[in-house]
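Asks: So here's query.cif (mmCIF, C-alpha atoms).
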```cif
data_model
#
loop_
_atom_site.label_atom_id
_atom_site.label_comp_id
_atom_site.auth_asym_id
_atom_site.auth_seq_id
_atom_site.Cartn_x
_atom_site.Cartn_y
_atom_site.Cartn_z
CA MET A 27 101.06 82.46 84.67
CA PRO A 28 97.76 82.69 82.77
CA LEU A 29 94.70 81.26 84.47
CA ILE A 30 93.14 78.34 82.59
CA ASN A 31 89.63 76.92 82.72
CA LEU A 32 88.23 80.26 83.82
CA PRO A 33 84.51 80.77 83.16
CA GLY A 34 83.60 82.88 80.15
CA PHE A 35 82.41 85.77 82.31
CA ALA A 36 85.86 86.33 83.87
CA GLY A 37 86.51 89.30 81.60
CA ASP A 38 83.29 91.00 82.72
CA LEU A 39 84.26 90.35 86.32
CA LEU A 40 87.70 91.93 85.91
CA ASP A 41 86.05 94.93 84.22
CA GLU A 42 83.82 95.31 87.29
CA PHE A 43 86.86 95.29 89.55
CA THR A 44 88.50 98.03 87.47
CA VAL A 45 85.36 100.19 87.42
CA ARG A 46 85.17 99.90 91.21
CA GLY A 47 88.66 101.30 91.69
CA THR A 48 90.40 98.19 92.98
CA GLU A 49 94.00 97.08 92.60
CA ARG A 50 94.29 93.52 91.31
CA VAL A 51 96.64 91.36 93.41
CA ASP A 52 97.74 87.76 93.50
CA THR A 53 99.22 85.74 96.35
CA PRO A 54 101.29 82.52 96.46
CA ILE A 55 99.39 79.24 96.30
CA ILE A 56 101.58 77.81 99.06
CA GLN A 57 100.83 79.68 102.28
CA PRO A 58 102.01 79.49 105.91
CA ALA A 59 99.38 77.37 107.65
CA GLU A 60 99.49 79.03 111.07
CA PRO A 61 97.32 82.11 110.29
CA PHE A 62 94.54 79.93 108.90
CA LEU A 63 94.73 77.45 111.78
CA ASP A 64 94.69 80.23 114.37
CA MET A 65 92.19 82.67 112.88
CA ALA A 66 90.00 81.15 110.19
CA GLY A 67 87.83 78.91 112.35
CA GLU A 68 87.13 75.23 112.83
CA ASP A 69 85.01 74.85 109.70
CA LEU A 70 87.86 75.94 107.42
CA ARG A 71 90.61 74.26 109.46
CA ARG A 72 89.27 70.79 108.83
CA ARG A 73 89.08 71.42 105.07
CA ILE A 74 92.65 72.67 104.53
CA PHE A 75 95.21 70.71 102.50
CA MET A 76 98.33 70.68 104.69
CA THR A 77 101.98 70.10 103.83
CA GLU A 78 105.39 70.81 105.34
CA SER A 79 108.56 72.64 104.33
CA GLU A 80 112.01 71.06 104.42
CA THR A 81 112.57 72.74 107.79
CA GLY A 82 109.36 71.34 109.24
CA ALA A 83 107.29 74.53 108.98
CA SER A 84 103.56 73.92 108.50
CA LEU A 85 102.32 75.02 105.08
CA CYS A 86 99.03 74.68 103.22
CA LEU A 87 97.49 75.18 99.82
CA ARG A 88 95.74 78.56 99.73
CA PRO A 89 92.24 77.85 101.17
CA GLU A 90 90.90 81.42 100.81
CA PHE A 91 92.15 84.89 99.86
CA THR A 92 91.35 87.25 102.73
CA ILE A 93 94.24 86.26 105.00
CA PRO A 94 96.83 86.13 102.15
CA VAL A 95 95.73 89.54 100.81
CA CYS A 96 95.95 91.06 104.29
CA LEU A 97 99.41 89.51 104.85
CA ARG A 98 100.58 90.88 101.51
CA HIS A 99 99.32 94.35 102.44
CA ILE A 100 101.25 94.25 105.72
CA GLU A 101 104.44 92.88 104.12
CA THR A 102 104.48 95.54 101.40
CA ALA A 103 103.85 98.31 103.97
CA THR A 104 101.23 99.86 101.70
CA GLY A 105 99.20 102.72 103.15
CA THR A 106 95.46 102.80 103.53
CA PRO A 107 92.72 103.16 102.51
CA LYS A 108 93.28 100.52 99.87
CA ARG A 109 90.91 98.42 97.78
CA TYR A 110 92.23 95.09 96.52
CA SER A 111 90.61 92.63 94.13
CA TYR A 112 91.66 89.07 93.39
CA LEU A 113 90.81 86.19 91.11
CA GLY A 114 92.53 82.83 91.47
CA GLU A 115 92.39 79.24 92.59
CA ILE A 116 91.73 78.13 96.12
CA PHE A 117 92.05 74.62 97.51
CA ARG A 118 89.85 73.11 100.20
CA GLN A 119 87.65 70.12 100.77
CA ARG A 120 83.99 70.71 100.00
CA ARG A 121 80.87 68.67 100.55
CA GLU A 122 79.80 69.43 96.97
CA GLY A 123 81.94 70.27 93.94
CA GLY A 124 85.65 69.99 93.32
CA HIS A 125 88.33 70.71 95.90
CA GLU A 126 90.21 73.06 93.53
CA PHE A 127 88.16 75.99 92.25
CA TYR A 128 88.24 79.67 91.38
CA GLN A 129 87.26 82.45 93.72
CA ALA A 130 87.27 86.21 93.25
CA GLY A 131 86.51 89.12 95.51
CA ILE A 132 87.28 92.54 96.96
CA GLU A 133 89.01 93.44 100.24
CA ASP A 134 88.46 97.03 101.40
CA LEU A 135 91.14 98.04 103.93
CA GLY A 136 91.46 101.19 106.02
CA ASP A 137 88.21 103.09 105.41
CA GLY A 138 87.31 104.64 108.76
CA ASP A 139 83.71 105.21 107.70
CA THR A 140 82.68 101.64 108.48
CA ALA A 141 79.00 102.14 107.68
CA SER A 142 79.82 103.47 104.22
CA ALA A 143 82.40 100.73 103.58
CA ASP A 144 79.92 98.03 104.68
CA ALA A 145 77.28 99.46 102.34
CA ARG A 146 79.82 99.60 99.50
CA ALA A 147 80.74 95.92 100.01
CA ILE A 148 77.11 94.81 99.87
CA GLY A 149 76.39 97.12 96.93
CA ASP A 150 79.45 95.90 95.03
CA ALA A 151 78.53 92.24 95.55
CA ILE A 152 74.96 92.86 94.35
CA GLY A 153 76.10 95.05 91.44
CA ILE A 154 78.65 92.53 90.18
CA LEU A 155 76.18 89.65 90.44
CA ASN A 156 73.52 91.65 88.62
CA ARG A 157 75.92 91.81 85.69
CA LEU A 158 77.09 88.19 85.91
CA VAL A 159 73.65 86.62 86.39
CA PRO A 160 71.35 89.05 84.53
CA GLY A 161 67.64 88.57 84.87
CA LYS A 162 67.93 86.75 88.19
CA SER A 163 66.33 88.15 91.35
CA LEU A 164 68.93 88.24 94.13
CA SER A 165 68.34 87.69 97.84
CA VAL A 166 70.69 89.00 100.56
CA THR A 167 70.84 87.65 104.11
CA LEU A 168 72.51 90.00 106.60
CA GLY A 169 73.68 89.38 110.17
CA ASP A 170 75.76 91.32 112.67
CA GLN A 171 78.26 89.68 115.00
CA ALA A 172 78.71 92.92 116.97
CA VAL A 173 74.99 93.07 117.86
CA PHE A 174 75.08 89.45 119.07
CA GLU A 175 78.20 90.18 121.16
CA ALA A 176 76.46 93.23 122.68
CA VAL A 177 73.45 91.11 123.68
CA VAL A 178 75.63 88.43 125.28
CA GLN A 179 77.69 91.03 127.16
CA ALA A 180 74.60 92.90 128.35
CA LEU A 181 73.29 89.71 129.96
CA GLY A 182 76.32 89.75 132.28
CA LEU A 183 77.54 86.20 131.68
CA PRO A 184 81.08 85.25 132.80
CA SER A 185 83.71 86.08 130.18
CA GLY A 186 84.34 82.39 129.48
CA TRP A 187 80.72 81.82 128.53
CA GLN A 188 80.66 85.00 126.47
CA LYS A 189 83.64 83.74 124.48
CA ARG A 190 82.02 80.35 123.92
CA LEU A 191 78.73 81.80 122.71
CA ILE A 192 80.41 84.40 120.48
CA HIS A 193 82.68 81.71 119.01
CA ALA A 194 79.59 79.65 118.13
CA PHE A 195 77.76 82.55 116.47
CA GLY A 196 76.38 81.47 113.11
CA ASN A 197 76.26 77.77 114.07
CA MET A 198 72.72 77.42 115.39
CA MET A 199 73.15 73.78 116.42
CA GLN A 200 76.24 74.59 118.49
CA LEU A 201 74.56 77.66 120.00
CA GLU A 202 71.51 75.62 121.04
CA THR A 203 73.79 73.03 122.67
CA LEU A 204 75.58 75.73 124.66
CA LEU A 205 72.30 77.36 125.71
CA THR A 206 71.02 73.98 126.92
CA ARG A 207 74.16 73.54 129.01
CA LEU A 208 73.72 77.05 130.40
CA ALA A 209 70.11 76.33 131.34
CA SER A 210 71.01 72.99 132.98
CA PRO A 211 74.67 73.11 134.07
CA GLN A 212 76.53 69.86 134.69
CA PRO A 213 79.08 69.54 137.52
CA VAL A 214 82.75 69.06 136.65
CA THR A 215 83.81 65.44 137.06
CA GLY A 216 87.16 63.70 137.18
CA LEU A 217 89.06 66.39 139.09
CA ASP A 218 91.63 65.38 141.70
CA ALA A 219 90.21 65.86 145.21
CA HIS A 220 93.10 68.16 146.20
CA VAL A 221 92.57 70.29 143.07
CA LEU A 222 88.83 70.53 143.76
CA ASP A 223 89.52 71.55 147.36
CA PHE A 224 91.89 74.35 146.27
CA LEU A 225 89.32 75.56 143.73
CA ASN A 226 86.43 75.52 146.20
CA ARG A 227 88.47 77.46 148.77
CA GLY A 228 89.71 79.94 146.16
CA ASP A 229 93.32 79.17 147.11
CA GLU A 230 94.96 79.92 143.76
CA GLN A 231 98.50 80.09 145.17
CA GLY A 232 98.08 76.67 146.78
CA LEU A 233 96.63 75.27 143.54
CA VAL A 234 99.60 76.55 141.49
CA LYS A 235 102.09 74.97 143.95
CA HIS A 236 100.16 71.70 143.87
CA ILE A 237 100.13 71.63 140.04
CA ASP A 238 103.83 72.53 139.89
CA ALA A 239 104.73 69.73 142.33
CA THR A 240 102.60 67.23 140.41
CA MET A 241 104.25 68.22 137.11
CA HIS A 242 107.72 67.74 138.59
CA ALA A 243 106.76 64.42 140.16
CA THR A 244 105.43 63.06 136.87
CA GLY A 245 108.25 64.52 134.76
CA TYR A 246 105.72 66.46 132.71
CA SER A 247 107.23 69.88 133.42
CA ALA A 248 110.20 69.39 131.08
CA ASN A 249 107.93 69.34 128.04
CA ALA A 250 104.94 71.28 129.35
CA SER A 251 103.23 73.53 126.84
CA ARG A 252 101.38 75.31 129.68
CA SER A 253 102.65 76.75 132.93
CA PRO A 254 101.14 75.81 136.33
CA GLN A 255 99.61 79.30 136.44
CA GLU A 256 97.94 78.77 133.05
CA ILE A 257 96.62 75.34 134.05
CA ALA A 258 95.26 76.76 137.32
CA ARG A 259 93.52 79.58 135.45
CA ARG A 260 91.91 77.15 133.02
CA LEU A 261 90.74 74.86 135.83
CA ARG A 262 89.22 77.81 137.68
CA GLU A 263 87.47 78.96 134.50
CA LYS A 264 86.19 75.43 133.87
CA LEU A 265 84.67 75.31 137.36
CA VAL A 266 83.04 78.73 136.97
CA LEU A 267 81.59 77.72 133.59
CA SER A 268 80.19 74.49 135.00
CA GLU A 269 78.52 76.32 137.90
CA THR A 270 77.02 79.14 135.82
CA ARG A 271 73.31 78.86 135.20
CA LEU A 272 71.42 81.11 132.82
CA ASP A 273 68.14 82.03 134.52
CA ASP A 274 64.89 81.45 132.68
CA ALA A 275 64.36 85.13 131.87
CA ALA A 276 67.85 85.54 130.33
CA PHE A 277 67.44 82.25 128.43
CA LEU A 278 64.20 83.51 126.91
CA VAL A 279 65.87 86.82 126.00
CA LEU A 280 68.61 85.01 124.05
CA GLU A 281 66.12 82.70 122.38
CA GLU A 282 63.95 85.68 121.40
CA PHE A 283 66.93 87.54 119.97
CA LEU A 284 68.11 84.55 117.94
CA SER A 285 64.60 84.14 116.49
CA LEU A 286 64.54 87.68 115.05
CA SER A 287 64.20 87.53 111.26
CA VAL A 288 62.79 90.60 109.49
CA PRO A 289 63.20 92.61 106.28
CA LEU A 290 66.11 95.04 106.65
CA ALA A 291 63.71 98.01 106.48
CA ASP A 292 62.15 96.80 109.75
CA ALA A 293 65.35 95.61 111.44
CA SER A 294 66.35 98.79 113.30
CA ALA A 295 62.92 99.14 114.88
CA ALA A 296 62.80 95.42 115.72
CA LEU A 297 66.20 95.54 117.44
CA ALA A 298 65.36 98.71 119.36
CA GLY A 299 62.04 97.18 120.49
CA PHE A 300 63.78 93.97 121.56
CA ALA A 301 66.41 95.87 123.57
CA ASP A 302 63.79 98.03 125.31
CA ALA A 303 61.57 95.07 126.19
CA ALA A 304 64.52 93.07 127.53
CA GLY A 305 66.02 96.02 129.39
CA LEU A 306 69.34 95.69 127.57
CA LYS A 307 71.60 98.56 126.63
CA LEU A 308 73.08 97.80 123.21
CA GLY A 309 74.07 101.43 122.47
CA LYS A 310 77.05 101.45 120.12
CA ALA A 311 76.15 98.17 118.37
CA LEU A 312 72.67 99.47 117.48
CA GLU A 313 74.06 102.85 116.43
CA SER A 314 76.46 101.14 114.03
CA PHE A 315 73.65 98.93 112.70
CA ASP A 316 71.40 101.95 112.07
CA ALA A 317 74.26 103.84 110.42
CA ARG A 318 74.82 100.93 108.02
CA VAL A 319 71.12 100.83 107.10
CA ALA A 320 71.25 104.56 106.38
CA ALA A 321 74.44 104.16 104.33
CA LEU A 322 72.84 101.42 102.24
CA ALA A 323 69.91 103.72 101.45
CA LYS A 324 72.30 106.56 100.59
CA ALA A 325 74.25 104.24 98.27
CA GLY A 326 71.04 103.36 96.45
CA VAL A 327 71.04 99.69 97.49
CA ASP A 328 67.55 98.20 97.27
CA ALA A 329 66.72 97.18 100.86
CA SER A 330 63.72 95.15 99.71
CA GLN A 331 66.02 92.31 98.67
CA ILE A 332 67.85 92.24 102.05
CA ASP A 333 66.67 90.34 105.14
CA TYR A 334 68.19 90.62 108.61
CA ARG A 335 68.52 87.43 110.66
CA ALA A 336 69.86 87.86 114.19
CA ALA A 337 71.26 84.31 114.30
CA PHE A 338 72.97 84.53 110.91
CA GLY A 339 76.75 84.24 110.84
CA ARG A 340 79.44 82.86 108.56
CA PRO A 341 81.84 79.99 109.41
CA LEU A 342 85.01 82.09 109.70
CA ASP A 343 86.25 83.21 113.11
CA TYR A 344 87.73 86.54 112.06
CA TYR A 345 84.43 88.40 111.46
CA THR A 346 83.65 91.21 113.91
CA GLY A 347 80.50 92.96 112.66
CA LEU A 348 78.59 92.78 109.39
CA VAL A 349 78.21 89.35 107.77
CA PHE A 350 76.22 88.74 104.60
CA GLU A 351 75.55 86.26 101.82
CA VAL A 352 73.91 86.65 98.40
CA THR A 353 71.93 83.95 96.61
CA VAL A 354 69.57 83.79 93.67
CA GLU A 355 66.05 84.06 95.07
CA GLY A 356 64.71 80.59 95.81
CA SER A 357 68.16 78.96 95.76
CA SER A 358 70.42 77.99 98.67
CA ALA A 359 73.65 78.23 96.65
CA VAL A 360 75.72 81.13 98.03
CA LEU A 361 77.13 83.18 95.13
CA ALA A 362 78.83 85.85 97.28
CA GLY A 363 79.60 86.11 100.96
CA GLY A 364 81.60 88.37 103.21
CA GLY A 365 81.68 90.72 106.15
CA ARG A 366 83.74 92.95 108.42
CA PHE A 367 87.00 91.77 110.02
CA ASP A 368 88.36 94.72 111.98
CA ARG A 369 90.65 92.71 114.30
CA LEU A 370 92.30 90.55 111.67
CA MET A 371 94.95 92.99 110.42
CA THR A 372 96.33 93.57 113.93
CA LEU A 373 96.32 89.82 114.69
CA LEU A 374 98.31 89.25 111.49
CA GLY A 375 100.96 91.77 112.57
CA ALA A 376 99.81 95.21 111.43
CA LYS A 377 101.24 97.89 113.75
CA ASP A 378 98.13 100.07 113.52
CA HIS A 379 94.43 99.22 113.73
CA ILE A 380 93.09 98.85 110.19
CA PRO A 381 89.32 98.51 109.72
CA ALA A 382 88.48 96.04 106.97
CA VAL A 383 85.53 94.60 105.08
CA GLY A 384 85.27 92.40 102.01
CA PHE A 385 83.50 89.64 100.13
CA ALA A 386 84.23 86.62 97.97
CA LEU A 387 82.50 85.40 94.81
CA TRP A 388 82.10 81.68 94.08
CA LEU A 389 82.69 81.41 90.34
CA ASP A 390 81.57 77.81 89.83
CA ARG A 391 78.25 78.55 91.54
CA ILE A 392 77.83 81.73 89.49
CA GLU A 393 78.46 79.69 86.35
CA ASN A 394 75.78 77.20 87.41
CA ALA A 395 73.32 80.06 88.07
CA ARG A 396 73.99 81.50 84.63
CA ALA A 397 73.34 78.13 83.01
CA ALA A 398 70.14 77.42 84.99
#
```
Render the structure in this file as structure tokens.
Replies:
Amino acid sequence: MPLINLPGFAGDLLDEFTVRGTERVDTPIIQPAEPFLDMAGEDLRRRIFMTESETGASLCLRPEFTIPVCLRHIETATGTPKRYSYLGEIFRQRREGGHEFYQAGIEDLGDGDTASADARAIGDAIGILNRLVPGKSLSVTLGDQAVFEAVVQALGLPSGWQKRLIHAFGNMMQLETLLTRLASPQPVTGLDAHVLDFLNRGDEQGLVKHIDATMHATGYSANASRSPQEIARRLREKLVLSETRLDDAAFLVLEEFLSLSVPLADASAALAGFADAAGLKLGKALESFDARVAALAKAGVDASQIDYRAAFGRPLDYYTGLVFEVTVEGSSAVLAGGGRFDRLMTLLGAKDHIPAVGFALWLDRIENARAA
């Protein structure tokens, strides 16, 4: 079916996709909702248009292309490496603009040279936008989820707190709230006295028996979505989280890291200096970061238009490393955004680990930038 109401530059965009060696794909507008609900993140979940099949299966209007393109790749059992491009409508609630709009982009699957693939994604986004919005100075903001995860892990926090902080990466308000709770922990309230006694004594077997008996007594067990063992584990984790306090030195280390904001040319030295001063070993994460910087230089990408912000993330839960956004200098409107999502393919059902990186282009915002 031909696409209507496409901006006039769509032909140039498709030419760019061809020149860059991509295979154009399309995916159904009606998608299974579960992958988006499980993997896309809270920000996207609350914007999805949901519906239901005749059998009661949860469906949704396509809210983005990355997950559908990855699912299509898995279903067609296509080998890698593979470069896909797409251009089509997506449907989701937005604070500004219509809820039905066009998006295009590239998904780069299976390239084991992650530094080179990351550099290619950033270079492609900049190159395409240079053609679509000629004469405009572009600005790129770059972050790295893997570096943040390495910092959190090096501080030795309990795994539950690590997960919470990593999940909040990119949402500075949420991160600050969590850090405040870590600095001034609040005791758990409302727990049954018997449950609290089992937890304080570390009697997990007794706690499981108590929960099981309570579930049977209340008739809850017949429809329970969680086992007594799972409930006991979550209660124990909740208690550990409530009792964990981030000491002042570690709190200052995290605050200092999150405040890092430097031109990309200075980022490697700034991160190495931070790690040395804090006494943190960030080995592999910093090696990957440095390799990406070198790959960008090798690819001829102008680093002067790229800034690194340690706290920068994007509101999708499947990112694992690089994240970036491109705007016109002086504007806050994001014209392109993307990053690395190395775990997504396996979570969606791929039998083998498939490294992946990609980006999306917002065509209505590009059209506005051209008209400005």
Asks: Residues at most 7 Å from region 188-193 of chain A, counting all atoms listed in the file, excluding those fewer than 5 positions away in the same chain, as a CSV table (one decimal) with C-alpha atoms, keeping the file's coordinate frame?
Replies:
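Output below, filename result.csv:
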```csv
chain,number,residue,atom,x,y,z
A,175,GLU,CA,78.2,90.2,121.2
A,178,VAL,CA,75.6,88.4,125.3
A,179,GLN,CA,77.7,91.0,127.2
A,183,LEU,CA,77.5,86.2,131.7
A,201,LEU,CA,74.6,77.7,120.0
```
Asks: Could you list the residues chosen by the PyMOL selection byres ((chain A and resi 140) around 10) in this structure as a list of chain:residue names?
Replies: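 On this input, the PyMOL selection byres ((chain A and resi 140) around 10) captures A:Gly136, A:Asp137, A:Gly138, A:Asp139, A:Ala141, A:Ser142, A:Ala143, A:Asp144, A:Ala145, A:Arg146, A:Ser314, A:Ala317, A:Arg318, A:Ala321, A:Gly347, A:Leu348, A:Arg366, A:Asp368, A:Pro381, A:Ala382, A:Val383.
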Asks: List the residues matched by the PyMOL selection byres ((chain A and resi 101-116) around 9) in the displayed structure as a ChimeraX atom specification, ordered by chain and then by residue number.
Replies: /A:29,36,40,43-44,46-53,55,87-91,95-100,117-118,125-138,376,380
Asks: Could the residues in this selection be written to a file with C-alpha atoms, as a PDB file, in the frame of the given file?
Replies:
```
ATOM      1  CA  LEU A  29      94.700  81.260  84.470  1.00  0.00           C
ATOM      2  CA  ALA A  36      85.860  86.330  83.870  1.00  0.00           C
ATOM      3  CA  LEU A  40      87.700  91.930  85.910  1.00  0.00           C
ATOM      4  CA  PHE A  43      86.860  95.290  89.550  1.00  0.00           C
ATOM      5  CA  THR A  44      88.500  98.030  87.470  1.00  0.00           C
ATOM      6  CA  ARG A  46      85.170  99.900  91.210  1.00  0.00           C
ATOM      7  CA  GLY A  47      88.660 101.300  91.690  1.00  0.00           C
ATOM      8  CA  THR A  48      90.400  98.190  92.980  1.00  0.00           C
ATOM      9  CA  GLU A  49      94.000  97.080  92.600  1.00  0.00           C
ATOM     10  CA  ARG A  50      94.290  93.520  91.310  1.00  0.00           C
ATOM     11  CA  VAL A  51      96.640  91.360  93.410  1.00  0.00           C
ATOM     12  CA  ASP A  52      97.740  87.760  93.500  1.00  0.00           C
ATOM     13  CA  THR A  53      99.220  85.740  96.350  1.00  0.00           C
ATOM     14  CA  ILE A  55      99.390  79.240  96.300  1.00  0.00           C
ATOM     15  CA  LEU A  87      97.490  75.180  99.820  1.00  0.00           C
ATOM     16  CA  ARG A  88      95.740  78.560  99.730  1.00  0.00           C
ATOM     17  CA  PRO A  89      92.240  77.850 101.170  1.00  0.00           C
ATOM     18  CA  GLU A  90      90.900  81.420 100.810  1.00  0.00           C
ATOM     19  CA  PHE A  91      92.150  84.890  99.860  1.00  0.00           C
ATOM     20  CA  VAL A  95      95.730  89.540 100.810  1.00  0.00           C
ATOM     21  CA  CYS A  96      95.950  91.060 104.290  1.00  0.00           C
ATOM     22  CA  LEU A  97      99.410  89.510 104.850  1.00  0.00           C
ATOM     23  CA  ARG A  98     100.580  90.880 101.510  1.00  0.00           C
ATOM     24  CA  HIS A  99      99.320  94.350 102.440  1.00  0.00           C
ATOM     25  CA  ILE A 100     101.250  94.250 105.720  1.00  0.00           C
ATOM     26  CA  PHE A 117      92.050  74.620  97.510  1.00  0.00           C
ATOM     27  CA  ARG A 118      89.850  73.110 100.200  1.00  0.00           C
ATOM     28  CA  HIS A 125      88.330  70.710  95.900  1.00  0.00           C
ATOM     29  CA  GLU A 126      90.210  73.060  93.530  1.00  0.00           C
ATOM     30  CA  PHE A 127      88.160  75.990  92.250  1.00  0.00           C
ATOM     31  CA  TYR A 128      88.240  79.670  91.380  1.00  0.00           C
ATOM     32  CA  GLN A 129      87.260  82.450  93.720  1.00  0.00           C
ATOM     33  CA  ALA A 130      87.270  86.210  93.250  1.00  0.00           C
ATOM     34  CA  GLY A 131      86.510  89.120  95.510  1.00  0.00           C
ATOM     35  CA  ILE A 132      87.280  92.540  96.960  1.00  0.00           C
ATOM     36  CA  GLU A 133      89.010  93.440 100.240  1.00  0.00           C
ATOM     37  CA  ASP A 134      88.460  97.030 101.400  1.00  0.00           C
ATOM     38  CA  LEU A 135      91.140  98.040 103.930  1.00  0.00           C
ATOM     39  CA  GLY A 136      91.460 101.190 106.020  1.00  0.00           C
ATOM     40  CA  ASP A 137      88.210 103.090 105.410  1.00  0.00           C
ATOM     41  CA  GLY A 138      87.310 104.640 108.760  1.00  0.00           C
ATOM     42  CA  ALA A 376      99.810  95.210 111.430  1.00  0.00           C
ATOM     43  CA  ILE A 380      93.090  98.850 110.190  1.00  0.00           C
TER      44      ILE A 380
END
```
Asks: Quick one: pull the distance between CA of Gln119 (chain A) and CA of Asp69 (chain A), Å, one decimal.
Replies: 10.4 Å
Asks: Just how far from CA of Ala172 (chain A) is CA of Arg71 (chain A), in Å to one decimal?
Replies: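 It comes out at 23.4 Å.
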Asks: I'd like to know which of A:Ala209, A:Ile74, A:Leu389, A:Val349 is closest to Leu155 (chain A), using all atoms listed in the file.
Replies: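 Smallest distance to Leu155 (chain A) is found for A:Leu389.
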Asks: Run the PyMOL selection byres ((chain A and resi 391) around 10) mentally over the shown coordinates, then write out the matched residues as a list in words, using the chain letters and numbers from the document.
Replies: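 Residues picked by the PyMOL selection byres ((chain A and resi 391) around 10): Gly123, Thr353, Ala359, Val360, Leu361, Ala362, Leu387, Trp388, Leu389, Asp390, Ile392, Glu393, Asn394, Ala395, Arg396 and Ala397 of chain A.
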Asks: Quick one: pull the distance between CA of Leu204 (chain A) and CA of Asp229 (chain A), Å, one decimal.
Replies: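 Value for the CA of Leu204 (chain A)-CA of Asp229 (chain A) distance: 28.8 Å.
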Asks: Which residue, A:Phe75, A:Phe338, A:Phe174, A:Phe62, has the smallest gap to Asn197 (chain A) when you use only C-alpha atoms?
Replies: A:Phe338
Asks: Rank nothing, just name the residue among A:Asn156, A:Ser358, A:Ser84, A:Ser165 nearest to Ser330 (chain A), using all atoms listed in the file.
Replies: A:Ser165
Asks: I'd like the neighbourhood of Gly196 (chain A) as number ranges by chain, where a residue qualifies if any of its atoms comes within 9 Å (using only C-alpha atoms), though same-chain residues fewer than 2 positions away should be ignored.
Replies: A: 169, 171, 192-194, 198-201, 337-341
Asks: Return the single residue from A:Asp378, A:Glu281, A:Glu355, A:Asp302 that is closest to Glu202 (chain A), with distances computed using all atoms listed in the file.
Replies: A:Glu281
Asks: Around all listed atoms of region 170-183 of chain A, padded 3 Å per side, what centre and edge lengths does the axis-aligned box have in Å to one decimal, as AutoDock Vina command-line options?
Replies:
```
--center_x 76.0 --center_y 89.7 --center_z 122.5 --size_x 11.4 --size_y 13.0 --size_z 25.6
```
Asks: Quick one: everything within 9 Å of Asp343 (chain A), counting all atoms listed in the file, minus sequence neighbours fewer than 5 positions away in the same chain. Send it as a list in words.
Replies: Met65, Ala66, Gly67, Glu68 and His193 of chain A
Asks: For a quick check of understanding, using all atoms listed in the file, which of A:Val166, A:Ala304, A:Ala275, A:Ala295 has the smallest distance to Ser357 (chain A)?
Replies: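 Under the stated criterion, the closest residue is A:Val166.
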